[in-house]
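See below for run16.cif, which holds mmCIF, C-alpha atoms.
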data_coords
loop_
_atom_site.label_atom_id
_atom_site.label_comp_id
_atom_site.auth_asym_id
_atom_site.auth_seq_id
_atom_site.Cartn_x
_atom_site.Cartn_y
_atom_site.Cartn_z
CA MET A 92 -45.02 0.66 28.46
CA PRO A 93 -47.42 -0.86 25.92
CA LYS A 94 -45.95 -3.66 23.84
CA LYS A 95 -46.69 -1.89 20.55
CA LEU A 96 -44.80 1.25 21.64
CA SER A 97 -41.81 -0.80 22.82
CA PHE A 98 -41.71 -2.66 19.51
CA PHE A 99 -41.89 0.65 17.59
CA ILE A 100 -38.97 2.13 19.59
CA ILE A 101 -36.85 -0.99 18.96
CA ILE A 102 -37.54 -0.79 15.22
CA LEU A 103 -36.52 2.90 15.16
CA PHE A 104 -33.31 2.12 17.09
CA PHE A 105 -32.16 -0.64 14.73
CA SER A 106 -33.14 1.42 11.69
CA SER A 107 -30.73 4.14 12.83
CA LEU A 108 -27.91 1.57 12.84
CA LEU A 109 -28.60 0.68 9.20
CA SER A 110 -28.50 4.21 7.85
CA GLY A 111 -25.12 3.80 6.10
CA CYS A 112 -21.55 5.05 6.59
CA TYR A 113 -21.24 8.60 7.88
CA ASP A 114 -17.90 9.16 6.10
CA ARG A 115 -18.62 7.40 2.82
CA ILE A 116 -17.17 8.74 -0.43
CA GLU A 117 -18.76 7.99 -3.78
CA THR A 118 -16.54 6.22 -6.31
CA THR A 119 -17.11 9.08 -8.75
CA GLN A 120 -15.30 11.33 -6.26
CA THR A 121 -12.18 9.16 -5.96
CA ALA A 122 -9.10 8.41 -8.08
CA ILE A 123 -7.10 5.17 -8.05
CA CYS A 124 -3.46 5.74 -7.12
CA ALA A 125 -1.12 3.46 -9.10
CA GLY A 126 2.25 4.67 -7.88
CA ILE A 127 3.96 7.12 -5.53
CA GLY A 128 7.30 8.84 -6.14
CA ILE A 129 9.42 10.82 -3.68
CA ASP A 130 12.74 12.64 -4.06
CA SER A 131 14.56 15.59 -2.55
CA ASN A 132 15.26 18.82 -4.44
CA GLU A 133 17.81 21.64 -4.42
CA GLU A 134 15.71 23.71 -2.00
CA GLY A 135 15.90 20.96 0.60
CA SER A 136 12.19 20.09 0.41
CA LEU A 137 10.58 17.00 -1.10
CA ASP A 138 9.25 16.45 -4.62
CA PHE A 139 6.11 14.32 -4.44
CA THR A 140 4.66 12.61 -7.54
CA VAL A 141 1.57 10.45 -7.77
CA GLN A 142 0.41 8.42 -10.76
CA LEU A 143 -3.39 8.25 -10.96
CA ASN A 144 -5.44 6.02 -13.23
CA LYS A 145 -7.77 7.96 -15.49
CA PRO A 146 -11.49 7.26 -15.03
CA VAL A 147 -12.91 4.91 -17.65
CA GLU A 148 -15.46 6.53 -19.94
CA PRO A 149 -18.32 4.24 -21.03
CA GLN A 150 -18.75 3.54 -24.75
CA LYS A 151 -15.29 4.96 -25.53
CA PRO A 152 -12.96 2.87 -27.74
CA ILE A 153 -10.03 1.29 -25.89
CA SER A 154 -6.73 3.17 -26.25
CA PHE A 155 -3.38 1.45 -25.85
CA THR A 156 -1.60 4.59 -24.65
CA GLN A 157 -0.98 5.06 -20.93
CA GLN A 158 -4.27 5.71 -19.17
CA VAL A 159 -2.80 7.73 -16.29
CA GLU A 160 -2.26 11.25 -15.02
CA ASN A 161 1.01 12.17 -13.27
CA ILE A 162 0.67 14.92 -10.67
CA SER A 163 3.73 16.49 -9.01
CA THR A 164 3.90 18.77 -5.97
CA GLN A 165 6.44 20.00 -3.43
CA GLY A 166 6.34 20.05 0.35
CA GLU A 167 8.47 20.08 3.46
CA SER A 168 7.12 16.61 4.27
CA ILE A 169 5.41 13.73 2.49
CA THR A 170 2.14 14.62 4.17
CA GLU A 171 2.24 18.18 2.85
CA GLY A 172 3.20 16.99 -0.64
CA ALA A 173 0.37 14.44 -0.69
CA ARG A 174 -2.21 16.95 0.56
CA ARG A 175 -1.09 19.51 -2.04
CA VAL A 176 -2.23 17.06 -4.72
CA MET A 177 -5.74 18.14 -3.72
CA LEU A 178 -5.00 21.60 -5.16
CA MET A 179 -4.77 20.03 -8.63
CA VAL A 180 -7.10 17.02 -8.58
CA PRO A 181 -10.88 17.24 -8.03
CA ARG A 182 -10.97 13.70 -6.65
CA LEU A 183 -9.71 12.01 -3.51
CA PRO A 184 -6.70 9.75 -4.28
CA LEU A 185 -7.02 6.22 -2.89
CA TRP A 186 -3.44 5.70 -1.68
CA SER A 187 -4.08 2.11 -0.63
CA HIS A 188 -4.21 1.03 -4.30
CA ALA A 189 -0.58 2.04 -4.99
CA ASP A 190 1.53 -0.77 -6.48
CA VAL A 191 4.97 0.83 -6.22
CA LEU A 192 6.88 3.42 -4.22
CA ILE A 193 9.75 4.93 -6.23
CA ILE A 194 12.44 6.75 -4.24
CA GLY A 195 14.80 9.09 -6.08
CA GLY A 196 18.54 8.58 -5.85
CA GLU A 197 19.22 11.99 -4.29
CA LEU A 198 16.88 11.28 -1.37
CA ALA A 199 18.16 7.71 -1.03
CA HIS A 200 21.74 8.96 -0.63
CA ARG A 201 20.66 11.69 1.79
CA GLY A 202 18.77 9.32 4.10
CA LEU A 203 15.30 7.81 4.45
CA GLY A 204 14.68 8.27 8.17
CA GLY A 205 11.85 10.79 7.77
CA ILE A 206 9.94 8.98 5.05
CA ALA A 207 10.37 5.64 6.84
CA ASP A 208 8.51 7.08 9.83
CA PHE A 209 5.69 8.28 7.57
CA PHE A 210 5.13 4.92 5.88
CA ALA A 211 5.46 2.95 9.12
CA ARG A 212 2.83 5.19 10.72
CA ASN A 213 0.44 5.70 7.79
CA ARG A 214 -2.55 3.37 7.54
CA ASN A 215 -3.50 4.48 4.02
CA VAL A 216 -0.51 2.91 2.23
CA ARG A 217 -0.32 -0.89 2.13
CA HIS A 218 2.83 -2.52 3.48
CA ASP A 219 3.01 -4.86 0.47
CA VAL A 220 3.68 -1.96 -1.92
CA ILE A 221 6.91 -2.63 -3.86
CA VAL A 222 9.86 -0.31 -3.09
CA LEU A 223 12.18 0.71 -5.96
CA ILE A 224 15.07 3.14 -6.21
CA SER A 225 15.58 5.43 -9.22
CA PRO A 226 19.33 6.17 -9.03
CA TYR A 227 19.63 8.41 -12.11
CA ASP A 228 16.21 9.93 -12.83
CA LYS A 229 13.49 11.70 -10.89
CA PRO A 230 10.43 9.55 -10.03
CA GLU A 231 8.37 11.96 -12.14
CA GLN A 232 10.47 11.01 -15.19
CA ILE A 233 10.02 7.31 -14.39
CA PHE A 234 6.23 7.69 -14.34
CA GLN A 235 6.30 9.64 -17.62
CA SER A 236 8.20 6.85 -19.40
CA SER A 237 6.35 3.96 -20.96
CA CYS A 238 6.34 0.30 -20.08
CA PRO A 239 5.68 -1.90 -23.16
CA LEU A 240 2.27 -3.63 -23.23
CA SER A 241 1.15 -1.83 -20.09
CA LEU A 242 -1.41 0.97 -19.79
CA CYS A 243 0.21 2.06 -16.53
CA SER A 244 3.97 2.25 -15.93
CA SER A 245 3.56 1.59 -12.19
CA ARG A 246 1.70 -1.66 -12.75
CA GLY A 247 4.01 -2.56 -15.64
CA ILE A 248 7.24 -2.24 -13.65
CA MET A 249 5.70 -4.24 -10.80
CA LYS A 250 4.81 -7.06 -13.22
CA ILE A 251 8.28 -6.99 -14.78
CA LEU A 252 9.77 -7.56 -11.33
CA GLU A 253 7.29 -10.35 -10.59
CA PHE A 254 7.78 -12.30 -13.82
CA GLN A 255 11.57 -11.94 -14.13
CA GLU A 256 11.99 -13.24 -10.59
CA THR A 257 10.75 -16.70 -11.51
CA MET A 258 11.68 -16.76 -15.22
CA LEU A 259 15.09 -15.02 -15.29
CA GLY A 260 16.02 -14.93 -11.61
CA SER A 261 18.20 -11.81 -11.58
CA TYR A 262 16.55 -9.36 -9.18
CA THR A 263 14.56 -9.64 -5.97
CA ARG A 264 11.42 -7.74 -5.04
CA MET A 265 11.36 -5.79 -1.78
CA ASP A 266 8.05 -4.75 -0.26
CA MET A 267 7.52 -1.93 2.22
CA LEU A 268 7.08 -4.23 5.23
CA HIS A 269 10.44 -5.96 4.77
CA PHE A 270 12.19 -2.70 3.82
CA LEU A 271 11.01 -1.00 7.02
CA SER A 272 11.83 -4.11 9.05
CA ARG A 273 15.42 -4.08 7.78
CA LEU A 274 15.73 -0.38 8.61
CA ALA A 275 14.66 -1.03 12.20
CA THR A 276 16.55 -4.30 12.81
CA PRO A 277 20.21 -4.32 13.95
CA GLY A 278 22.48 -6.62 11.94
CA ILE A 279 20.79 -6.30 8.55
CA ASP A 280 20.53 -3.48 6.00
CA PRO A 281 17.88 -2.63 3.37
CA ILE A 282 18.16 -3.41 -0.33
CA ALA A 283 15.80 -2.63 -3.22
CA PRO A 284 15.74 -3.08 -7.02
CA GLN A 285 16.63 -0.13 -9.24
CA VAL A 286 14.37 1.12 -12.01
CA VAL A 287 16.04 3.03 -14.85
CA ILE A 288 15.08 4.62 -18.16
CA THR A 289 16.58 3.12 -21.29
CA LYS A 290 15.94 3.48 -25.04
CA ASP A 291 14.22 1.00 -27.33
CA ILE A 292 15.27 0.51 -30.97
CA LYS A 293 13.03 3.43 -31.99
CA GLY A 294 14.62 5.79 -29.46
CA ASN A 295 11.63 5.86 -27.11
CA ASN A 296 12.09 5.95 -23.35
CA ILE A 297 11.11 2.66 -21.73
CA LEU A 298 11.55 1.32 -18.20
CA THR A 299 13.69 -1.60 -17.11
CA ILE A 300 15.22 -3.07 -13.95
CA GLU A 301 18.97 -2.62 -13.64
CA GLY A 302 20.86 -3.50 -10.47
CA MET A 303 19.89 -3.32 -6.82
CA ALA A 304 20.47 -0.40 -4.46
CA VAL A 305 22.14 -1.26 -1.14
CA PHE A 306 21.99 0.79 2.05
CA ASN A 307 24.08 1.35 5.14
CA GLY A 308 21.37 2.12 7.65
CA ASP A 309 18.98 4.53 5.95
CA LYS A 310 21.51 5.85 3.40
CA MET A 311 22.18 4.35 -0.03
CA THR A 312 25.87 3.53 -0.44
CA GLY A 313 26.00 1.84 -3.86
CA SER A 314 24.53 -0.81 -6.14
CA LEU A 315 24.84 -4.46 -7.06
CA ASP A 316 25.14 -5.35 -10.74
CA GLU A 317 23.22 -8.27 -12.27
CA LYS A 318 25.79 -10.93 -11.34
CA GLU A 319 25.98 -9.69 -7.74
CA SER A 320 22.18 -9.45 -7.56
CA ARG A 321 21.89 -13.11 -8.60
CA GLY A 322 24.33 -14.03 -5.84
CA TYR A 323 22.16 -12.16 -3.35
CA ARG A 324 19.07 -14.03 -4.50
CA PHE A 325 20.78 -17.44 -4.13
CA LEU A 326 21.06 -16.79 -0.38
CA LEU A 327 17.39 -15.95 0.20
CA PRO A 328 15.49 -19.20 0.82
CA GLU A 329 12.12 -17.49 1.27
CA LYS A 330 12.08 -16.06 -2.26
CA PRO A 331 10.28 -17.67 -5.24
CA GLN A 332 12.09 -20.47 -7.00
CA GLY A 333 13.03 -20.28 -10.66
CA GLY A 334 15.45 -18.53 -12.96
CA ILE A 335 18.04 -19.72 -15.45
CA ILE A 336 21.79 -20.24 -15.63
CA THR A 337 23.58 -20.07 -18.98
CA LEU A 338 26.91 -21.89 -19.03
CA LYS A 339 29.72 -21.51 -21.51
CA SER A 340 30.16 -25.11 -22.54
CA PRO A 341 33.32 -26.93 -21.39
CA PHE A 342 32.92 -29.26 -24.41
CA ALA A 343 34.39 -28.52 -27.84
CA GLY A 344 31.29 -29.47 -29.84
CA CYS A 345 28.88 -27.36 -27.82
CA ARG A 346 28.75 -23.57 -27.44
CA SER A 347 26.48 -23.05 -24.41
CA ILE A 348 23.94 -24.80 -22.18
CA ASP A 349 20.84 -23.23 -20.61
CA LEU A 350 19.67 -24.65 -17.30
CA GLU A 351 16.48 -23.83 -15.41
CA ILE A 352 16.63 -23.62 -11.62
CA THR A 353 13.67 -25.63 -10.33
CA ARG A 354 14.48 -25.46 -6.62
CA PHE A 355 17.09 -24.07 -4.29
CA LYS A 356 17.51 -23.69 -0.56
CA SER A 357 20.15 -21.85 1.39
CA SER A 358 21.34 -21.00 4.87
CA ILE A 359 23.47 -18.34 6.54
CA LYS A 360 24.97 -19.44 9.86
CA PRO A 361 27.95 -18.27 11.93
CA VAL A 362 30.51 -20.85 13.09
CA LYS A 363 33.63 -20.53 15.23
CA LYS A 364 37.01 -21.63 13.94
CA ASP A 365 40.21 -20.92 15.86
CA ALA A 366 38.30 -18.49 18.11
CA GLN A 367 37.18 -16.51 15.05
CA ILE A 368 33.62 -16.09 13.79
CA ILE A 369 33.18 -17.28 10.20
CA ILE A 370 29.91 -17.01 8.28
CA SER A 371 28.95 -20.28 6.59
CA LEU A 372 26.97 -19.76 3.37
CA LYS A 373 25.33 -22.88 1.94
CA THR A 374 23.18 -23.27 -1.16
CA GLU A 375 21.66 -26.38 -2.74
CA ALA A 376 20.22 -26.11 -6.25
CA GLU A 377 18.30 -28.47 -8.51
CA LEU A 378 18.25 -27.76 -12.24
CA ASN A 379 16.85 -29.01 -15.52
CA ILE A 380 18.50 -28.69 -18.93
CA LEU A 381 16.52 -26.17 -20.94
CA GLY A 382 18.56 -25.90 -24.13
CA ILE A 383 21.84 -26.98 -25.73
CA GLN A 384 23.62 -24.89 -28.36
CA GLY A 385 25.71 -27.43 -30.26
CA LYS A 386 25.81 -30.93 -31.72
CA GLU A 387 28.01 -32.82 -29.28
CA GLU A 388 26.23 -35.45 -27.21
CA ILE A 389 26.64 -34.22 -23.64
CA LEU A 390 23.76 -35.99 -21.89
CA THR A 391 25.86 -38.78 -20.42
CA PRO A 392 26.44 -39.34 -16.68
CA GLU A 393 30.10 -38.36 -16.99
CA LYS A 394 29.41 -35.11 -18.84
CA ILE A 395 26.43 -34.25 -16.62
CA ALA A 396 28.82 -34.44 -13.65
CA VAL A 397 31.13 -31.99 -15.44
CA LEU A 398 28.20 -29.61 -16.01
CA GLU A 399 27.23 -29.80 -12.33
CA LYS A 400 30.75 -28.70 -11.38
CA GLU A 401 30.44 -25.77 -13.78
CA VAL A 402 27.10 -24.79 -12.20
CA ILE A 403 28.69 -24.91 -8.74
CA LYS A 404 31.53 -22.74 -9.98
CA GLN A 405 29.15 -20.13 -11.43
CA ILE A 406 26.84 -19.96 -8.39
CA THR A 407 29.85 -19.74 -6.06
CA GLY A 408 31.21 -16.88 -8.18
CA ASP A 409 27.89 -15.01 -8.03
CA ILE A 410 27.62 -15.38 -4.24
CA THR A 411 31.26 -14.37 -3.70
CA ALA A 412 30.85 -11.30 -5.91
CA CYS A 413 27.77 -10.26 -3.90
CA VAL A 414 29.47 -10.63 -0.51
CA GLU A 415 32.61 -8.83 -1.65
CA LYS A 416 30.61 -5.86 -2.96
CA ALA A 417 28.44 -5.73 0.18
CA GLN A 418 31.49 -5.74 2.46
CA LYS A 419 33.20 -3.11 0.31
CA LEU A 420 30.12 -0.87 0.70
CA ASN A 421 29.79 -1.80 4.41
CA SER A 422 26.19 -2.83 3.80
CA ASP A 423 25.06 -5.98 5.61
CA ILE A 424 22.30 -6.82 3.13
CA LEU A 425 22.62 -10.58 3.77
CA GLY A 426 22.10 -10.21 7.51
CA PHE A 427 25.42 -11.61 8.77
CA GLY A 428 24.95 -9.62 11.98
CA LEU A 429 21.40 -10.88 12.41
CA ALA A 430 22.67 -14.46 12.02
CA VAL A 431 25.27 -13.87 14.75
CA TYR A 432 22.55 -12.41 16.99
CA ARG A 433 20.28 -15.43 16.45
CA TYR A 434 22.82 -18.26 16.69
CA MET A 435 25.51 -16.72 18.93
CA PRO A 436 23.79 -14.18 21.20
CA GLU A 437 26.72 -14.13 23.63
CA GLU A 438 29.07 -13.14 20.80
CA TRP A 439 26.65 -10.48 19.59
CA GLU A 440 26.74 -8.93 23.06
CA LYS A 441 30.48 -8.40 22.55
CA ILE A 442 30.54 -7.14 18.96
CA GLY A 443 27.03 -5.84 18.28
CA THR A 444 27.74 -2.24 19.27
CA ASN A 445 30.61 -1.94 16.78
CA TRP A 446 29.30 -4.35 14.14
CA LYS A 447 29.85 -1.84 11.33
CA GLU A 448 33.59 -1.98 12.06
CA VAL A 449 33.61 -5.78 12.34
CA TYR A 450 31.45 -6.61 9.31
CA PRO A 451 33.75 -5.54 6.42
CA GLU A 452 36.53 -7.80 7.73
CA ILE A 453 34.53 -10.88 8.74
CA ASP A 454 35.48 -14.11 6.96
CA TYR A 455 33.00 -16.36 5.18
CA GLU A 456 32.86 -19.74 3.46
CA VAL A 457 30.71 -20.61 0.44
CA GLU A 458 29.49 -24.17 -0.10
CA VAL A 459 27.33 -24.96 -3.12
CA GLN A 460 25.76 -28.23 -4.21
CA ALA A 461 24.05 -28.62 -7.60
CA LYS A 462 22.15 -31.50 -9.16
CA ILE A 463 20.87 -31.68 -12.74
CA LYS A 464 17.63 -33.65 -12.49
CA ASN A 465 15.85 -33.55 -15.83
CA THR A 466 16.28 -32.93 -19.55
CA TYR A 467 12.58 -32.32 -20.31
CA LEU A 468 11.10 -33.88 -23.48
CA ILE A 469 14.23 -35.31 -25.12
CA HIS A 470 17.17 -37.23 -23.68
CA LYS A 471 19.70 -36.59 -26.43
CA VAL A 472 21.02 -33.55 -28.25
CA TYR A 473 18.56 -32.62 -30.99
CA GLN A 474 20.09 -33.27 -34.42
CA PRO A 475 18.15 -31.89 -37.44
CA GLN A 476 18.37 -34.10 -40.51
CA GLU A 477 20.93 -32.81 -43.00
CA GLN A 478 19.62 -32.13 -46.52
#

Please go through the file and, once you have read it, give me the structure as structure tokens.
Amino acid sequence: MPKKLSFFIIILFFSSLLSGCYDRIETTQTAICAGIGIDSNEEGSLDFTVQLNKPVEPQKPISFTQQVENISTQGESITEGARRVMLMVPRLPLWSHADVLIIGGELAHRGLGGIADFFARNRNVRHDVIVLISPYDKPEQIFQSSCPLSLCSSRGIMKILEFQETMLGSYTRMDMLHFLSRLATPGIDPIAPQVVITKDIKGNNILTIEGMAVFNGDKMTGSLDEKESRGYRFLLPEKPQGGIITLKSPFAGCRSIDLEITRFKSSIKPVKKDAQIIISLKTEAELNILGIQGKEEILTPEKIAVLEKEVIKQITGDITACVEKAQKLNSDILGFGLAVYRYMPEEWEKIGTNWKEVYPEIDYEVEVQAKIKNTYLIHKVYQPQEQ
């Protein structure tokens, strides 16, 4: 074969490989999905809601109202509900951009087995999407409510969770990967923050985080309040550091003290005492003094030691409240069973099959250490000059 002909054939072959994607979709034919909502209804089927970002129009003044469209459908499955969106939207939703998955309370109490299979199997939804439970309202109502300073309620509620976790330290995010992992792993149960609708001072509906939903297997059995949720967070060493503790002052000349948690680490391990398994819960916290409400000088070594004891007392109370509620609801959200499986596999062989009967009665010990490290810019109580 002549060299020129061979060269021409090679050029044609490589040109065919550079002809583009056969299944490409133009951006003008797509819609960005911000959030997904699922709940059951009275007919026994599923209500499916998707929040889509509106396309940006060039040269149009910026509006500070929500720039989204909420589309709701029904179906016997999530797949059918999602595909029925195409009957109402002339664009292809990009599910991989979703920030949050909101599950309605009715479906959460009924059981999540079917939807768990869908999200574990589906490649179009990221596994870092944040899972939330709406215990009182339909996901559609959540998406229709506003989130202050946010053009999209899905993105707004995700950011609220993110910022409060390090600044306030009350509630813990749960992504899809860890939620599904807990569903599939013996000895630990799922948990997720709750999103609710509340009223602002003008009477408008706004979104907030309130409590955490706990599960026994794939069924929601109850909720943790804010104190119990803080106790849960103190036992999760992999979570972001931060948060505050506000103490009622033990000193007469001081009303309250705010402390910032700069670091904490914790462990959950089973130990044997008198032939009985006891779960040892340990937490170490380092804190800085953030504010003092009062005039009494409390920044002395003796009084700092008193404050540290008060911190230990409060953290211990939060952890104890969390464990008591979890055992009452028979929801092993802290993974006591998983700890027994890891550290005492021979014991797990004996009790693993009936762990749900063992768990509510298992004993535990809480040990907390706290150290106040810093007082920030001033080392005495601030005293304004009297006029």

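Computed from the coordinates, the atom CA of A:Leu315 to atom CA of A:Ile129 distance equals 22.0 Å.
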
(message) Here's the selection I'm unsure about, the PyMOL selection byres ((chain A and resi 431-439) around 12); applied to the file above, which residues does it give, as a PyMOL selection string?
(response) chain A and resi 276-279+359-363+366-371+425-430+440-446+449-450+453

(message) Expand the PyMOL selection byres ((chain A and resi 122-124) around 8) into the explicit residue set it covers here, and present it as a PyMOL selection string.
(response) chain A and resi 118+120-121+125-127+141-146+182-189

Run the PyMOL selection byres ((chain A and resi 312) around 9) mentally over the shown coordinates, then write out the matched residues as a PDB file with C-alpha atoms, keeping the file's coordinate frame, using the chain letters and numbers from the document.
ATOM      1  CA  ALA A 199      18.160   7.710  -1.030  1.00  0.00           C
ATOM      2  CA  HIS A 200      21.740   8.960  -0.630  1.00  0.00           C
ATOM      3  CA  ALA A 304      20.470  -0.400  -4.460  1.00  0.00           C
ATOM      4  CA  VAL A 305      22.140  -1.260  -1.140  1.00  0.00           C
ATOM      5  CA  PHE A 306      21.990   0.790   2.050  1.00  0.00           C
ATOM      6  CA  ASN A 307      24.080   1.350   5.140  1.00  0.00           C
ATOM      7  CA  LYS A 310      21.510   5.850   3.400  1.00  0.00           C
ATOM      8  CA  MET A 311      22.180   4.350  -0.030  1.00  0.00           C
ATOM      9  CA  GLY A 313      26.000   1.840  -3.860  1.00  0.00           C
ATOM     10  CA  SER A 314      24.530  -0.810  -6.140  1.00  0.00           C
ATOM     11  CA  LEU A 420      30.120  -0.870   0.700  1.00  0.00           C
ATOM     12  CA  ASN A 421      29.790  -1.800   4.410  1.00  0.00           C
ATOM     13  CA  SER A 422      26.190  -2.830   3.800  1.00  0.00           C
TER      14      SER A 422
END

(message) For a test of reading the model, state the distance in Å between atom CA of A:Gly302 and atom CA of A:Glu253, rounded to one decimal.
(response)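 Computing it gives 15.2 Å between the two atoms.
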
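Closest approach to A:Thr257 among A:Ile352, A:Ile406, A:Leu378, A:Ala275 is made by A:Ile352 (distances from all atoms listed in the file).
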
(message) Just checking: using only C-alpha atoms, which residue out of A:Lys464, A:Lys229, A:Arg217, A:Arg264 ends up closest to A:Pro281?
(response)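 Closest residue, counting only C-alpha atoms: A:Arg264.
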
(message) Report, in Å with one decimal, the straight-line distance from atom CA of A:Gly195 to atom CA of A:Ser131.
(response) 7.4 Å

(message) Using all atoms listed in the file for the distances, tell me which of A:Ile348, A:Ile383, A:Ile169, A:Ala461 is nearest to A:Ala396.
(response) A:Ala461

(request) Can you work out which one of A:Pro239, A:Gly385, A:Pro181, A:Gly166 has the shortest atom-to-atom distance to A:Thr299, counting all atoms listed in the file? (result)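 Of A:Pro239, A:Gly385, A:Pro181, A:Gly166, the one nearest A:Thr299, counting all atoms listed in the file, is A:Pro239.
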